[in-house]
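Data block for target_33.cif (mmCIF, C-alpha atoms):
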data_start
#
loop_
_atom_site.group_PDB
_atom_site.id
_atom_site.type_symbol
_atom_site.label_atom_id
_atom_site.label_comp_id
_atom_site.auth_asym_id
_atom_site.auth_seq_id
_atom_site.Cartn_x
_atom_site.Cartn_y
_atom_site.Cartn_z
ATOM 1 C CA MET G 196 112.133 77.601 111.765
ATOM 2 C CA ILE G 197 115.037 79.051 109.828
ATOM 3 C CA GLU G 198 114.687 78.668 106.067
ATOM 4 C CA ILE G 199 117.844 78.503 103.959
ATOM 5 C CA GLU G 200 117.317 79.042 100.263
ATOM 6 C CA ARG G 201 119.030 80.270 97.121
ATOM 7 C CA LYS G 202 117.190 82.061 94.364
ATOM 8 C CA PHE G 203 117.971 82.189 90.629
ATOM 9 C CA LEU G 204 116.572 83.652 87.450
ATOM 10 C CA VAL G 205 115.360 81.072 84.941
ATOM 11 C CA LYS G 206 116.900 81.602 81.511
ATOM 12 C CA SER G 207 114.939 79.220 79.299
ATOM 13 C CA ASP G 208 111.676 77.372 78.910
ATOM 14 C CA LYS G 209 113.379 73.998 79.248
ATOM 15 C CA PHE G 210 112.174 73.596 82.836
ATOM 16 C CA ARG G 211 108.583 73.023 81.663
ATOM 17 C CA PRO G 212 108.766 69.375 80.528
ATOM 18 C CA GLU G 213 110.614 68.534 83.777
ATOM 19 C CA ALA G 214 107.825 69.869 86.045
ATOM 20 C CA GLN G 215 106.128 67.293 88.247
ATOM 21 C CA SER G 216 103.349 69.653 89.265
ATOM 22 C CA ALA G 217 101.995 73.093 88.456
ATOM 23 C CA THR G 218 99.907 74.896 91.067
ATOM 24 C CA ARG G 219 98.272 78.274 90.909
ATOM 25 C CA ILE G 220 99.244 80.638 93.743
ATOM 26 C CA VAL G 221 97.567 83.917 94.691
ATOM 27 C CA GLN G 222 99.089 85.854 97.548
ATOM 28 C CA GLY G 223 98.890 89.219 99.243
ATOM 29 C CA PHE G 224 100.720 90.883 102.103
ATOM 30 C CA LEU G 225 99.390 92.264 105.370
ATOM 31 C CA ASN G 226 102.861 93.691 105.862
ATOM 32 C CA THR G 227 105.722 94.114 103.388
ATOM 33 C CA HIS G 228 108.286 95.473 105.860
ATOM 34 C CA PRO G 229 111.491 93.479 105.165
ATOM 35 C CA GLU G 230 111.967 92.860 108.909
ATOM 36 C CA ARG G 231 108.590 91.168 109.320
ATOM 37 C CA THR G 232 106.469 90.263 106.313
ATOM 38 C CA VAL G 233 103.021 88.737 106.852
ATOM 39 C CA ARG G 234 101.736 86.856 103.804
ATOM 40 C CA ILE G 235 98.318 85.413 103.001
ATOM 41 C CA ARG G 236 98.505 82.706 100.331
ATOM 42 C CA ILE G 237 96.015 80.562 98.476
ATOM 43 C CA LYS G 238 97.827 77.641 96.851
ATOM 44 C CA GLY G 239 95.536 75.355 94.932
ATOM 45 C CA GLU G 240 92.881 74.303 97.453
ATOM 46 C CA LYS G 241 94.792 75.382 100.553
ATOM 47 C CA GLY G 242 95.169 78.635 102.488
ATOM 48 C CA PHE G 243 98.203 79.772 104.513
ATOM 49 C CA ILE G 244 99.334 82.602 106.752
ATOM 50 C CA THR G 245 103.109 83.034 106.809
ATOM 51 C CA VAL G 246 105.358 85.332 108.821
ATOM 52 C CA LYS G 247 108.951 85.857 107.688
ATOM 53 C CA GLY G 248 111.681 87.705 109.540
ATOM 54 C CA LYS G 249 114.672 89.594 108.248
ATOM 55 C CA SER G 250 117.281 87.794 106.146
ATOM 56 C CA ASP G 251 120.810 87.323 107.371
ATOM 57 C CA GLU G 252 123.494 89.484 105.718
ATOM 58 C CA LYS G 253 124.001 87.163 102.752
ATOM 59 C CA GLY G 254 120.245 86.899 102.205
ATOM 60 C CA LEU G 255 120.486 83.117 102.486
ATOM 61 C CA SER G 256 118.601 82.259 105.666
ATOM 62 C CA ARG G 257 115.464 83.716 107.163
ATOM 63 C CA TYR G 258 113.083 82.893 110.012
ATOM 64 C CA GLU G 259 109.771 81.563 108.679
ATOM 65 C CA TRP G 260 106.554 80.627 110.479
ATOM 66 C CA GLU G 261 103.557 79.221 108.614
ATOM 67 C CA LYS G 262 100.092 77.884 109.460
ATOM 68 C CA GLU G 263 97.570 76.324 107.124
ATOM 69 C CA ILE G 264 94.161 78.010 107.327
ATOM 70 C CA PRO G 265 90.832 77.412 105.551
ATOM 71 C CA VAL G 266 90.699 78.912 102.022
ATOM 72 C CA LYS G 267 87.570 80.873 102.950
ATOM 73 C CA GLU G 268 89.454 82.604 105.769
ATOM 74 C CA ALA G 269 92.443 83.232 103.480
ATOM 75 C CA GLU G 270 90.058 84.865 100.974
ATOM 76 C CA GLU G 271 88.692 87.161 103.712
ATOM 77 C CA LEU G 272 92.198 88.080 104.880
ATOM 78 C CA MET G 273 93.267 88.696 101.264
ATOM 79 C CA LEU G 274 90.735 91.537 101.150
ATOM 80 C CA LEU G 275 92.648 93.290 103.955
ATOM 81 C CA CYS G 276 96.013 92.994 102.212
ATOM 82 C CA GLU G 277 97.982 95.881 100.780
ATOM 83 C CA GLU G 278 97.487 96.603 97.090
ATOM 84 C CA GLY G 279 99.495 94.430 94.714
ATOM 85 C CA VAL G 280 98.274 90.857 94.990
ATOM 86 C CA ILE G 281 100.717 88.455 93.317
ATOM 87 C CA GLU G 282 99.607 85.721 90.941
ATOM 88 C CA LYS G 283 101.930 83.004 89.752
ATOM 89 C CA THR G 284 102.164 79.367 88.762
ATOM 90 C CA ARG G 285 104.514 77.233 90.827
ATOM 91 C CA TYR G 286 106.233 74.304 89.136
ATOM 92 C CA GLU G 287 107.942 71.659 91.240
ATOM 93 C CA ILE G 288 110.977 70.097 89.614
ATOM 94 C CA ARG G 289 113.361 67.460 90.901
ATOM 95 C CA ALA G 290 117.043 68.342 90.499
ATOM 96 C CA GLY G 291 119.357 65.749 91.960
ATOM 97 C CA ASN G 292 118.393 65.324 95.609
ATOM 98 C CA HIS G 293 116.563 68.634 95.785
ATOM 99 C CA CYS G 294 113.185 69.953 94.777
ATOM 100 C CA VAL G 295 113.409 73.192 92.823
ATOM 101 C CA GLU G 296 110.399 75.500 92.911
ATOM 102 C CA VAL G 297 109.996 77.550 89.741
ATOM 103 C CA ASP G 298 107.587 80.500 89.958
ATOM 104 C CA GLU G 299 106.236 81.923 86.709
ATOM 105 C CA PHE G 300 104.659 85.265 87.535
ATOM 106 C CA ARG G 301 101.544 86.736 85.935
ATOM 107 C CA GLY G 302 99.904 90.169 85.831
ATOM 108 C CA PRO G 303 102.206 93.099 86.653
ATOM 109 C CA ASN G 304 105.124 90.684 87.185
ATOM 110 C CA SER G 305 104.722 88.895 83.837
ATOM 111 C CA GLY G 306 107.999 87.929 82.223
ATOM 112 C CA LEU G 307 109.651 87.070 85.530
ATOM 113 C CA ILE G 308 110.474 83.424 86.243
ATOM 114 C CA LEU G 309 112.332 82.614 89.463
ATOM 115 C CA ALA G 310 113.726 79.338 90.790
ATOM 116 C CA GLU G 311 114.266 78.601 94.477
ATOM 117 C CA ILE G 312 116.210 75.765 96.033
ATOM 118 C CA GLU G 313 115.800 75.009 99.710
ATOM 119 C CA LEU G 314 118.969 73.783 101.394
ATOM 120 C CA THR G 315 119.703 72.255 104.772
ATOM 121 C CA SER G 316 122.918 74.231 105.277
ATOM 122 C CA GLU G 317 124.357 77.366 103.736
ATOM 123 C CA ASN G 318 127.181 75.618 101.900
ATOM 124 C CA GLU G 319 125.271 72.526 100.752
ATOM 125 C CA ASP G 320 125.989 71.615 97.137
ATOM 126 C CA PHE G 321 123.248 70.987 94.585
ATOM 127 C CA TYR G 322 122.714 69.970 90.956
ATOM 128 C CA ARG G 323 122.239 72.958 88.625
ATOM 129 C CA PRO G 324 119.881 72.345 85.713
ATOM 130 C CA ASP G 325 121.024 74.138 82.508
ATOM 131 C CA TRP G 326 117.964 76.404 82.539
ATOM 132 C CA LEU G 327 119.157 77.965 85.816
ATOM 133 C CA GLY G 328 120.375 81.535 85.214
ATOM 134 C CA LYS G 329 121.943 84.262 87.325
ATOM 135 C CA GLU G 330 121.771 83.919 91.103
ATOM 136 C CA VAL G 331 119.683 86.653 92.779
ATOM 137 C CA THR G 332 119.772 85.384 96.394
ATOM 138 C CA GLY G 333 119.595 88.329 98.770
ATOM 139 C CA ASP G 334 118.493 90.809 96.082
ATOM 140 C CA ILE G 335 115.535 92.344 97.849
ATOM 141 C CA ARG G 336 113.856 93.410 94.562
ATOM 142 C CA TYR G 337 113.035 89.766 93.916
ATOM 143 C CA TYR G 338 111.303 89.243 97.260
ATOM 144 C CA ASN G 339 107.616 88.644 96.570
ATOM 145 C CA SER G 340 106.793 91.295 99.194
ATOM 146 C CA GLN G 341 108.742 93.845 97.129
ATOM 147 C CA LEU G 342 107.412 92.574 93.769
ATOM 148 C CA SER G 343 103.915 93.319 95.068
ATOM 149 C CA LYS G 344 104.878 96.997 95.457
ATOM 150 C CA LYS G 345 107.358 97.372 92.578
ATOM 151 C CA PRO G 346 106.341 94.802 89.982
ATOM 152 C CA TYR G 347 108.804 93.464 87.436
ATOM 153 C CA THR G 348 107.212 95.172 84.419
ATOM 154 C CA SER G 349 107.808 98.569 86.094
ATOM 155 C CA TRP G 350 111.578 98.056 86.444
ATOM 156 C CA THR G 351 113.624 100.201 84.086
ATOM 157 C CA THR G 352 116.970 98.402 84.280
ATOM 158 C CA MET W 1106 84.013 87.724 111.837
ATOM 159 C CA ILE W 1107 82.905 91.264 112.566
ATOM 160 C CA GLU W 1108 83.522 92.341 116.144
ATOM 161 C CA ILE W 1109 81.253 95.012 117.659
ATOM 162 C CA GLU W 1110 82.536 96.588 120.823
ATOM 163 C CA ARG W 1111 82.397 99.764 122.897
ATOM 164 C CA LYS W 1112 85.327 101.015 124.900
ATOM 165 C CA PHE W 1113 85.335 103.121 128.099
ATOM 166 C CA LEU W 1114 87.809 104.588 130.545
ATOM 167 C CA VAL W 1115 87.581 103.129 134.049
ATOM 168 C CA LYS W 1116 87.201 105.861 136.686
ATOM 169 C CA SER W 1117 87.627 103.965 139.952
ATOM 170 C CA ASP W 1118 89.126 100.893 141.546
ATOM 171 C CA LYS W 1119 85.707 99.469 142.389
ATOM 172 C CA PHE W 1120 85.879 96.989 139.506
ATOM 173 C CA ARG W 1121 88.522 94.921 141.324
ATOM 174 C CA PRO W 1122 86.352 92.996 143.819
ATOM 175 C CA GLU W 1123 83.914 92.213 140.976
ATOM 176 C CA ALA W 1124 86.562 90.500 138.822
ATOM 177 C CA GLN W 1125 86.015 86.802 138.156
ATOM 178 C CA SER W 1126 89.453 86.315 136.663
ATOM 179 C CA ALA W 1127 92.713 88.178 136.170
ATOM 180 C CA THR W 1128 95.056 87.079 133.391
ATOM 181 C CA ARG W 1129 98.392 88.459 132.375
ATOM 182 C CA ILE W 1130 98.646 89.477 128.706
ATOM 183 C CA VAL W 1131 101.786 90.314 126.745
ATOM 184 C CA GLN W 1132 101.331 91.368 123.150
ATOM 185 C CA GLY W 1133 103.252 92.827 120.268
ATOM 186 C CA PHE W 1134 102.402 93.892 116.735
ATOM 187 C CA LEU W 1135 103.804 92.672 113.423
ATOM 188 C CA ASN W 1136 101.858 95.540 111.873
ATOM 189 C CA THR W 1137 100.247 98.574 113.481
ATOM 190 C CA HIS W 1138 98.676 100.026 110.312
ATOM 191 C CA PRO W 1139 95.071 100.880 111.287
ATOM 192 C CA GLU W 1140 93.762 99.193 108.114
ATOM 193 C CA ARG W 1141 95.348 95.846 108.965
ATOM 194 C CA THR W 1142 96.907 95.184 112.340
ATOM 195 C CA VAL W 1143 98.608 91.844 113.006
ATOM 196 C CA ARG W 1144 98.938 91.056 116.709
ATOM 197 C CA ILE W 1145 100.863 88.339 118.546
ATOM 198 C CA ARG W 1146 99.478 87.716 122.037
ATOM 199 C CA ILE W 1147 100.419 85.508 124.968
ATOM 200 C CA LYS W 1148 97.462 85.289 127.347
ATOM 201 C CA GLY W 1149 98.175 83.123 130.382
ATOM 202 C CA GLU W 1150 99.263 79.770 128.932
ATOM 203 C CA LYS W 1151 97.958 80.363 125.405
ATOM 204 C CA GLY W 1152 99.321 82.033 122.270
ATOM 205 C CA PHE W 1153 97.328 83.785 119.534
ATOM 206 C CA ILE W 1154 97.819 85.475 116.179
ATOM 207 C CA THR W 1155 95.108 88.021 115.399
ATOM 208 C CA VAL W 1156 94.423 90.111 112.303
ATOM 209 C CA LYS W 1157 92.099 93.100 112.569
ATOM 210 C CA GLY W 1158 90.782 95.248 109.734
ATOM 211 C CA LYS W 1159 89.770 98.880 109.649
ATOM 212 C CA SER W 1160 86.978 100.085 111.918
ATOM 213 C CA ASP W 1161 83.741 101.400 110.508
ATOM 214 C CA GLU W 1162 83.196 105.179 110.702
ATOM 215 C CA LYS W 1163 81.842 105.111 114.236
ATOM 216 C CA GLY W 1164 84.699 102.896 115.401
ATOM 217 C CA LEU W 1165 82.177 100.339 116.675
ATOM 218 C CA SER W 1166 82.667 97.321 114.441
ATOM 219 C CA ARG W 1167 85.774 95.790 112.961
ATOM 220 C CA TYR W 1168 86.720 92.611 111.101
ATOM 221 C CA GLU W 1169 88.701 90.251 113.325
ATOM 222 C CA TRP W 1170 90.395 86.929 112.589
ATOM 223 C CA GLU W 1171 92.179 84.938 115.284
ATOM 224 C CA LYS W 1172 93.985 81.581 115.600
ATOM 225 C CA GLU W 1173 95.358 79.979 118.715
ATOM 226 C CA ILE W 1174 99.007 78.990 118.336
ATOM 227 C CA PRO W 1175 101.542 77.306 120.675
ATOM 228 C CA VAL W 1176 103.064 79.716 123.249
ATOM 229 C CA LYS W 1177 106.560 78.786 122.074
ATOM 230 C CA GLU W 1178 105.691 79.938 118.518
ATOM 231 C CA ALA W 1179 104.088 83.113 119.895
ATOM 232 C CA GLU W 1180 107.300 83.828 121.816
ATOM 233 C CA GLU W 1181 109.349 83.437 118.610
ATOM 234 C CA LEU W 1182 106.988 85.698 116.669
ATOM 235 C CA MET W 1183 107.049 88.273 119.496
ATOM 236 C CA LEU W 1184 110.771 88.728 118.789
ATOM 237 C CA LEU W 1185 109.909 89.898 115.271
ATOM 238 C CA CYS W 1186 107.347 92.448 116.454
ATOM 239 C CA GLU W 1187 107.756 96.193 116.248
ATOM 240 C CA GLU W 1188 109.145 97.912 119.339
ATOM 241 C CA GLY W 1189 106.607 98.643 122.064
ATOM 242 C CA VAL W 1190 105.379 95.353 123.478
ATOM 243 C CA ILE W 1191 102.253 95.880 125.633
ATOM 244 C CA GLU W 1192 101.838 94.324 129.065
ATOM 245 C CA LYS W 1193 98.552 94.362 130.917
ATOM 246 C CA THR W 1194 96.320 92.421 133.273
ATOM 247 C CA ARG W 1195 92.878 91.540 131.967
ATOM 248 C CA TYR W 1196 90.020 91.271 134.442
ATOM 249 C CA GLU W 1197 86.764 89.644 133.388
ATOM 250 C CA ILE W 1198 83.700 91.062 135.067
ATOM 251 C CA ARG W 1199 80.043 90.169 134.643
ATOM 252 C CA ALA W 1200 77.771 93.178 134.088
ATOM 253 C CA GLY W 1201 74.148 92.215 133.533
ATOM 254 C CA ASN W 1202 74.120 89.819 130.550
ATOM 255 C CA HIS W 1203 77.510 90.891 129.289
ATOM 256 C CA CYS W 1204 81.100 90.168 130.143
ATOM 257 C CA VAL W 1205 83.180 93.315 130.520
ATOM 258 C CA GLU W 1206 86.914 93.045 129.929
ATOM 259 C CA VAL W 1207 88.943 95.507 131.977
ATOM 260 C CA ASP W 1208 92.577 95.983 130.922
ATOM 261 C CA GLU W 1209 94.970 97.484 133.450
ATOM 262 C CA PHE W 1210 98.099 98.465 131.554
ATOM 263 C CA ARG W 1211 101.668 98.271 132.851
ATOM 264 C CA GLY W 1212 105.044 99.650 131.759
ATOM 265 C CA PRO W 1213 104.885 102.697 129.473
ATOM 266 C CA ASN W 1214 101.067 102.603 129.569
ATOM 267 C CA SER W 1215 100.802 102.508 133.381
ATOM 268 C CA GLY W 1216 97.876 104.493 134.746
ATOM 269 C CA LEU W 1217 95.574 103.554 131.886
ATOM 270 C CA ILE W 1218 92.626 101.253 132.631
ATOM 271 C CA LEU W 1219 90.211 100.491 129.804
ATOM 272 C CA ALA W 1220 86.929 98.546 129.758
ATOM 273 C CA GLU W 1221 85.516 96.842 126.655
ATOM 274 C CA ILE W 1222 82.057 95.434 126.163
ATOM 275 C CA GLU W 1223 81.380 93.148 123.217
ATOM 276 C CA LEU W 1224 77.902 93.533 121.754
ATOM 277 C CA THR W 1225 75.908 91.529 119.243
ATOM 278 C CA SER W 1226 74.492 94.614 117.497
ATOM 279 C CA GLU W 1227 75.499 98.266 117.369
ATOM 280 C CA ASN W 1228 72.495 99.523 119.333
ATOM 281 C CA GLU W 1229 72.290 96.749 121.912
ATOM 282 C CA ASP W 1230 71.707 98.060 125.451
ATOM 283 C CA PHE W 1231 73.864 97.023 128.407
ATOM 284 C CA TYR W 1232 74.196 97.527 132.163
ATOM 285 C CA ARG W 1233 76.733 100.229 133.091
ATOM 286 C CA PRO W 1234 78.650 99.602 136.311
ATOM 287 C CA ASP W 1235 79.322 102.832 138.278
ATOM 288 C CA TRP W 1236 83.081 102.525 137.756
ATOM 289 C CA LEU W 1237 82.610 102.938 133.986
ATOM 290 C CA GLY W 1238 83.886 106.345 132.868
ATOM 291 C CA LYS W 1239 83.988 108.285 129.611
ATOM 292 C CA GLU W 1240 83.358 106.393 126.382
ATOM 293 C CA VAL W 1241 86.382 106.301 124.048
ATOM 294 C CA THR W 1242 84.994 103.994 121.329
ATOM 295 C CA GLY W 1243 86.566 104.915 117.988
ATOM 296 C CA ASP W 1244 89.325 107.047 119.546
ATOM 297 C CA ILE W 1245 92.305 105.575 117.747
ATOM 298 C CA ARG W 1246 94.755 106.666 120.509
ATOM 299 C CA TYR W 1247 93.291 103.944 122.721
ATOM 300 C CA TYR W 1248 93.835 101.146 120.191
ATOM 301 C CA ASN W 1249 96.474 98.814 121.609
ATOM 302 C CA SER W 1250 98.317 99.042 118.274
ATOM 303 C CA GLN W 1251 98.643 102.805 118.783
ATOM 304 C CA LEU W 1252 99.417 102.525 122.523
ATOM 305 C CA SER W 1253 102.407 100.392 121.564
ATOM 306 C CA LYS W 1254 103.812 103.310 119.540
ATOM 307 C CA LYS W 1255 102.543 106.260 121.612
ATOM 308 C CA PRO W 1256 102.172 104.958 125.162
ATOM 309 C CA TYR W 1257 99.809 106.604 127.640
ATOM 310 C CA THR W 1258 102.537 108.053 129.884
ATOM 311 C CA SER W 1259 103.866 110.025 126.879
ATOM 312 C CA TRP W 1260 100.539 111.812 126.240
ATOM 313 C CA THR W 1261 100.588 115.466 127.189
ATOM 314 C CA THR W 1262 96.844 116.176 127.295
#
Represent the structure contained in this file as structure tokens.
Amino acid sequence: MIEIERKFLVKSDKFRPEAQSATRIVQGFLNTHPERTVRIRIKGEKGFITVKGKSDEKGLSRYEWEKEIPVKEAEELMLLCEEGVIEKTRYEIRAGNHCVEVDEFRGPNSGLILAEIELTSENEDFYRPDWLGKEVTGDIRYYNSQLSKKPYTSWTT
Amino acid sequence: MIEIERKFLVKSDKFRPEAQSATRIVQGFLNTHPERTVRIRIKGEKGFITVKGKSDEKGLSRYEWEKEIPVKEAEELMLLCEEGVIEKTRYEIRAGNHCVEVDEFRGPNSGLILAEIELTSENEDFYRPDWLGKEVTGDIRYYNSQLSKKPYTSWTT
């Protein structure tokens, strides 16, 4: 499957009252190579293994393959992951016809809040809530695989 | 699951008439790091994703996690793999109470034939067919993940 999504910084707390759900996510990476990341995720009561390919030039679309797996197996696989497990809370928020996923990071990535909107085509329009900040689509520093190695609180810019 | 196995070179062709099955295997690696390999395999009509951890000191036992996946998905994931896809024929041969897997490699690993015996404990005894050669358990050069990067025909020793 090819996933098309745009990513934004979140510039205010106003997204909170709009959230329809908040789910804790813990995830690690068996591989953080940008051409082929392999992610192990525990999201609430579910486990997942996810493989993502390289992004296209604009950073908009990317091959993604995912399988649900038992949480116990995800916990075992998490132990094999590279250092830098990511912890975050995911909020799901309706914005027009789309569902926006807002990730509030914890631990070494505290202070970072990212919003992602999944689209069905690269030039699809969407409603922009006023808490949506600067677009960071295609900026590799904001990939979770890179945040696990170079966390937000270690950035100097 | 922890997998315990011993690996041997095969020193003659005499294993062939003993084979109960021969199956073509094509496999690639999303990660060849010895601490966490991620393998995509197509074996006959089935696809698999397999994660293996680091071996113990003796190279005998190793964590292994595997899920069967549709061949079509395995083919897609194979395209993301690192260079150095491995092709081999696997023969299954009964030896006493054990099943021995003999892998005859093709392409850049032509000339290499390896036998693997899975055991239930590290000091379990087993019948040794006379075509079984030198033991190479724990020799990382014979890991498939390493053979994909440094194939047998490129070895100088």
>> Please list as a PyMOL selection string every residue within 7 Å of range 1122-1133 of chain W, counting all atoms listed in the file and excluding residues in the same chain fewer than 2 positions away.
In response: chain W and resi 1119-1120+1135+1144-1149+1183+1186-1187+1189-1198
>> the PyMOL selection byres ((chain W) within 10 of (chain G)) - which residues does that actually catch in the file I just gave you? List them as a PyMOL selection string.
In response: chain W and resi 1106+1135-1138+1140-1143+1154+1156-1159+1168-1170+1172+1174+1178+1181-1182+1184-1187
Least-squares align chain W to chain G using all Cα atoms paired by position, then dump the moved coordinates as a compact mmCIF listing (two decimals) with C-alpha atoms, in the frame of the given file.
# COMPACT_ATOMS: atom_id res chain seq x y z
CA MET W 1106 112.14 77.62 111.79
CA ILE W 1107 115.04 79.06 109.84
CA GLU W 1108 114.68 78.69 106.09
CA ILE W 1109 117.84 78.51 103.96
CA GLU W 1110 117.32 79.05 100.27
CA ARG W 1111 119.04 80.27 97.12
CA LYS W 1112 117.20 82.06 94.36
CA PHE W 1113 117.99 82.18 90.62
CA LEU W 1114 116.57 83.66 87.45
CA VAL W 1115 115.35 81.07 84.94
CA LYS W 1116 116.91 81.61 81.49
CA SER W 1117 114.95 79.22 79.28
CA ASP W 1118 111.68 77.37 78.90
CA LYS W 1119 113.38 73.99 79.24
CA PHE W 1120 112.18 73.60 82.83
CA ARG W 1121 108.59 73.03 81.66
CA PRO W 1122 108.76 69.37 80.54
CA GLU W 1123 110.62 68.55 83.78
CA ALA W 1124 107.83 69.87 86.03
CA GLN W 1125 106.13 67.29 88.24
CA SER W 1126 103.36 69.65 89.27
CA ALA W 1127 102.00 73.09 88.46
CA THR W 1128 99.91 74.91 91.06
CA ARG W 1129 98.28 78.28 90.90
CA ILE W 1130 99.24 80.65 93.74
CA VAL W 1131 97.57 83.92 94.68
CA GLN W 1132 99.09 85.86 97.54
CA GLY W 1133 98.89 89.20 99.24
CA PHE W 1134 100.72 90.88 102.10
CA LEU W 1135 99.38 92.26 105.37
CA ASN W 1136 102.86 93.69 105.87
CA THR W 1137 105.72 94.12 103.41
CA HIS W 1138 108.29 95.48 105.88
CA PRO W 1139 111.49 93.48 105.19
CA GLU W 1140 111.97 92.86 108.94
CA ARG W 1141 108.58 91.18 109.32
CA THR W 1142 106.46 90.27 106.33
CA VAL W 1143 103.01 88.74 106.86
CA ARG W 1144 101.73 86.87 103.81
CA ILE W 1145 98.31 85.41 103.00
CA ARG W 1146 98.51 82.71 100.33
CA ILE W 1147 96.01 80.56 98.47
CA LYS W 1148 97.84 77.64 96.87
CA GLY W 1149 95.53 75.33 94.93
CA GLU W 1150 92.86 74.30 97.46
CA LYS W 1151 94.77 75.38 100.58
CA GLY W 1152 95.17 78.64 102.50
CA PHE W 1153 98.19 79.77 104.53
CA ILE W 1154 99.32 82.61 106.77
CA THR W 1155 103.10 83.03 106.82
CA VAL W 1156 105.35 85.33 108.83
CA LYS W 1157 108.94 85.85 107.70
CA GLY W 1158 111.69 87.70 109.56
CA LYS W 1159 114.68 89.60 108.28
CA SER W 1160 117.26 87.80 106.16
CA ASP W 1161 120.80 87.33 107.37
CA GLU W 1162 123.48 89.50 105.71
CA LYS W 1163 123.98 87.17 102.76
CA GLY W 1164 120.23 86.90 102.21
CA LEU W 1165 120.47 83.11 102.50
CA SER W 1166 118.60 82.27 105.68
CA ARG W 1167 115.46 83.71 107.18
CA TYR W 1168 113.08 82.89 110.03
CA GLU W 1169 109.77 81.55 108.71
CA TRP W 1170 106.55 80.61 110.49
CA GLU W 1171 103.55 79.21 108.63
CA LYS W 1172 100.07 77.88 109.47
CA GLU W 1173 97.56 76.33 107.13
CA ILE W 1174 94.16 78.01 107.34
CA PRO W 1175 90.81 77.42 105.56
CA VAL W 1176 90.69 78.91 102.02
CA LYS W 1177 87.57 80.87 102.94
CA GLU W 1178 89.47 82.61 105.78
CA ALA W 1179 92.43 83.24 103.47
CA GLU W 1180 90.06 84.86 100.97
CA GLU W 1181 88.70 87.16 103.71
CA LEU W 1182 92.20 88.08 104.87
CA MET W 1183 93.28 88.71 101.25
CA LEU W 1184 90.75 91.55 101.15
CA LEU W 1185 92.65 93.29 103.95
CA CYS W 1186 96.02 92.99 102.21
CA GLU W 1187 97.99 95.88 100.79
CA GLU W 1188 97.48 96.61 97.09
CA GLY W 1189 99.51 94.45 94.72
CA VAL W 1190 98.27 90.88 95.00
CA ILE W 1191 100.72 88.46 93.31
CA GLU W 1192 99.60 85.73 90.93
CA LYS W 1193 101.93 83.00 89.74
CA THR W 1194 102.16 79.36 88.76
CA ARG W 1195 104.52 77.22 90.81
CA TYR W 1196 106.23 74.29 89.13
CA GLU W 1197 107.96 71.66 91.23
CA ILE W 1198 110.97 70.08 89.60
CA ARG W 1199 113.36 67.44 90.89
CA ALA W 1200 117.03 68.36 90.48
CA GLY W 1201 119.38 65.75 91.92
CA ASN W 1202 118.39 65.33 95.59
CA HIS W 1203 116.57 68.63 95.78
CA CYS W 1204 113.19 69.94 94.77
CA VAL W 1205 113.41 73.19 92.82
CA GLU W 1206 110.40 75.50 92.91
CA VAL W 1207 109.99 77.55 89.75
CA ASP W 1208 107.59 80.51 89.96
CA GLU W 1209 106.24 81.92 86.71
CA PHE W 1210 104.66 85.26 87.54
CA ARG W 1211 101.56 86.75 85.92
CA GLY W 1212 99.90 90.17 85.83
CA PRO W 1213 102.20 93.10 86.65
CA ASN W 1214 105.13 90.70 87.17
CA SER W 1215 104.71 88.89 83.82
CA GLY W 1216 108.00 87.92 82.21
CA LEU W 1217 109.66 87.08 85.51
CA ILE W 1218 110.48 83.42 86.23
CA LEU W 1219 112.33 82.62 89.45
CA ALA W 1220 113.73 79.33 90.78
CA GLU W 1221 114.27 78.60 94.49
CA ILE W 1222 116.21 75.76 96.03
CA GLU W 1223 115.80 75.01 99.72
CA LEU W 1224 118.97 73.79 101.39
CA THR W 1225 119.70 72.26 104.77
CA SER W 1226 122.92 74.23 105.28
CA GLU W 1227 124.36 77.38 103.73
CA ASN W 1228 127.18 75.62 101.89
CA GLU W 1229 125.29 72.53 100.76
CA ASP W 1230 126.01 71.61 97.12
CA PHE W 1231 123.26 70.98 94.57
CA TYR W 1232 122.74 69.96 90.94
CA ARG W 1233 122.25 72.95 88.61
CA PRO W 1234 119.89 72.35 85.70
CA ASP W 1235 121.02 74.14 82.49
CA TRP W 1236 117.97 76.41 82.53
CA LEU W 1237 119.14 77.97 85.81
CA GLY W 1238 120.36 81.53 85.22
CA LYS W 1239 121.93 84.26 87.32
CA GLU W 1240 121.76 83.93 91.10
CA VAL W 1241 119.68 86.65 92.78
CA THR W 1242 119.78 85.37 96.39
CA GLY W 1243 119.60 88.33 98.77
CA ASP W 1244 118.49 90.80 96.08
CA ILE W 1245 115.53 92.34 97.86
CA ARG W 1246 113.86 93.42 94.56
CA TYR W 1247 113.04 89.76 93.92
CA TYR W 1248 111.30 89.23 97.27
CA ASN W 1249 107.62 88.64 96.57
CA SER W 1250 106.80 91.29 99.20
CA GLN W 1251 108.74 93.84 97.13
CA LEU W 1252 107.41 92.57 93.77
CA SER W 1253 103.93 93.31 95.07
CA LYS W 1254 104.88 96.99 95.47
CA LYS W 1255 107.35 97.38 92.58
CA PRO W 1256 106.33 94.80 89.99
CA TYR W 1257 108.81 93.47 87.43
CA THR W 1258 107.21 95.17 84.41
CA SER W 1259 107.81 98.56 86.09
CA TRP W 1260 111.59 98.04 86.42
CA THR W 1261 113.61 100.17 84.05
CA THR W 1262 116.96 98.35 84.22
> To one decimal place, how far is CA of Glu261 in chain G from CA of Glu278 in chain G in Å?
Replying inline: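 Computing it gives 21.7 Å between the two atoms.
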> Just so the selection is clear, what residues does the PyMOL selection byres ((chain W and resi 1231) around 10) cover here, as number ranges by chain?
Replying inline: W: 1200-1203, 1222-1224, 1228-1230, 1232-1234
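Evaluated on this file, the PyMOL selection byres ((chain G and resi 202-205) around 7) matches Glu200, Arg201, Lys206, Ser207, Ile308, Leu309, Ala310, Glu311, Ile312, Trp326, Leu327, Gly328, Lys329, Glu330, Val331 and Thr332 of chain G.
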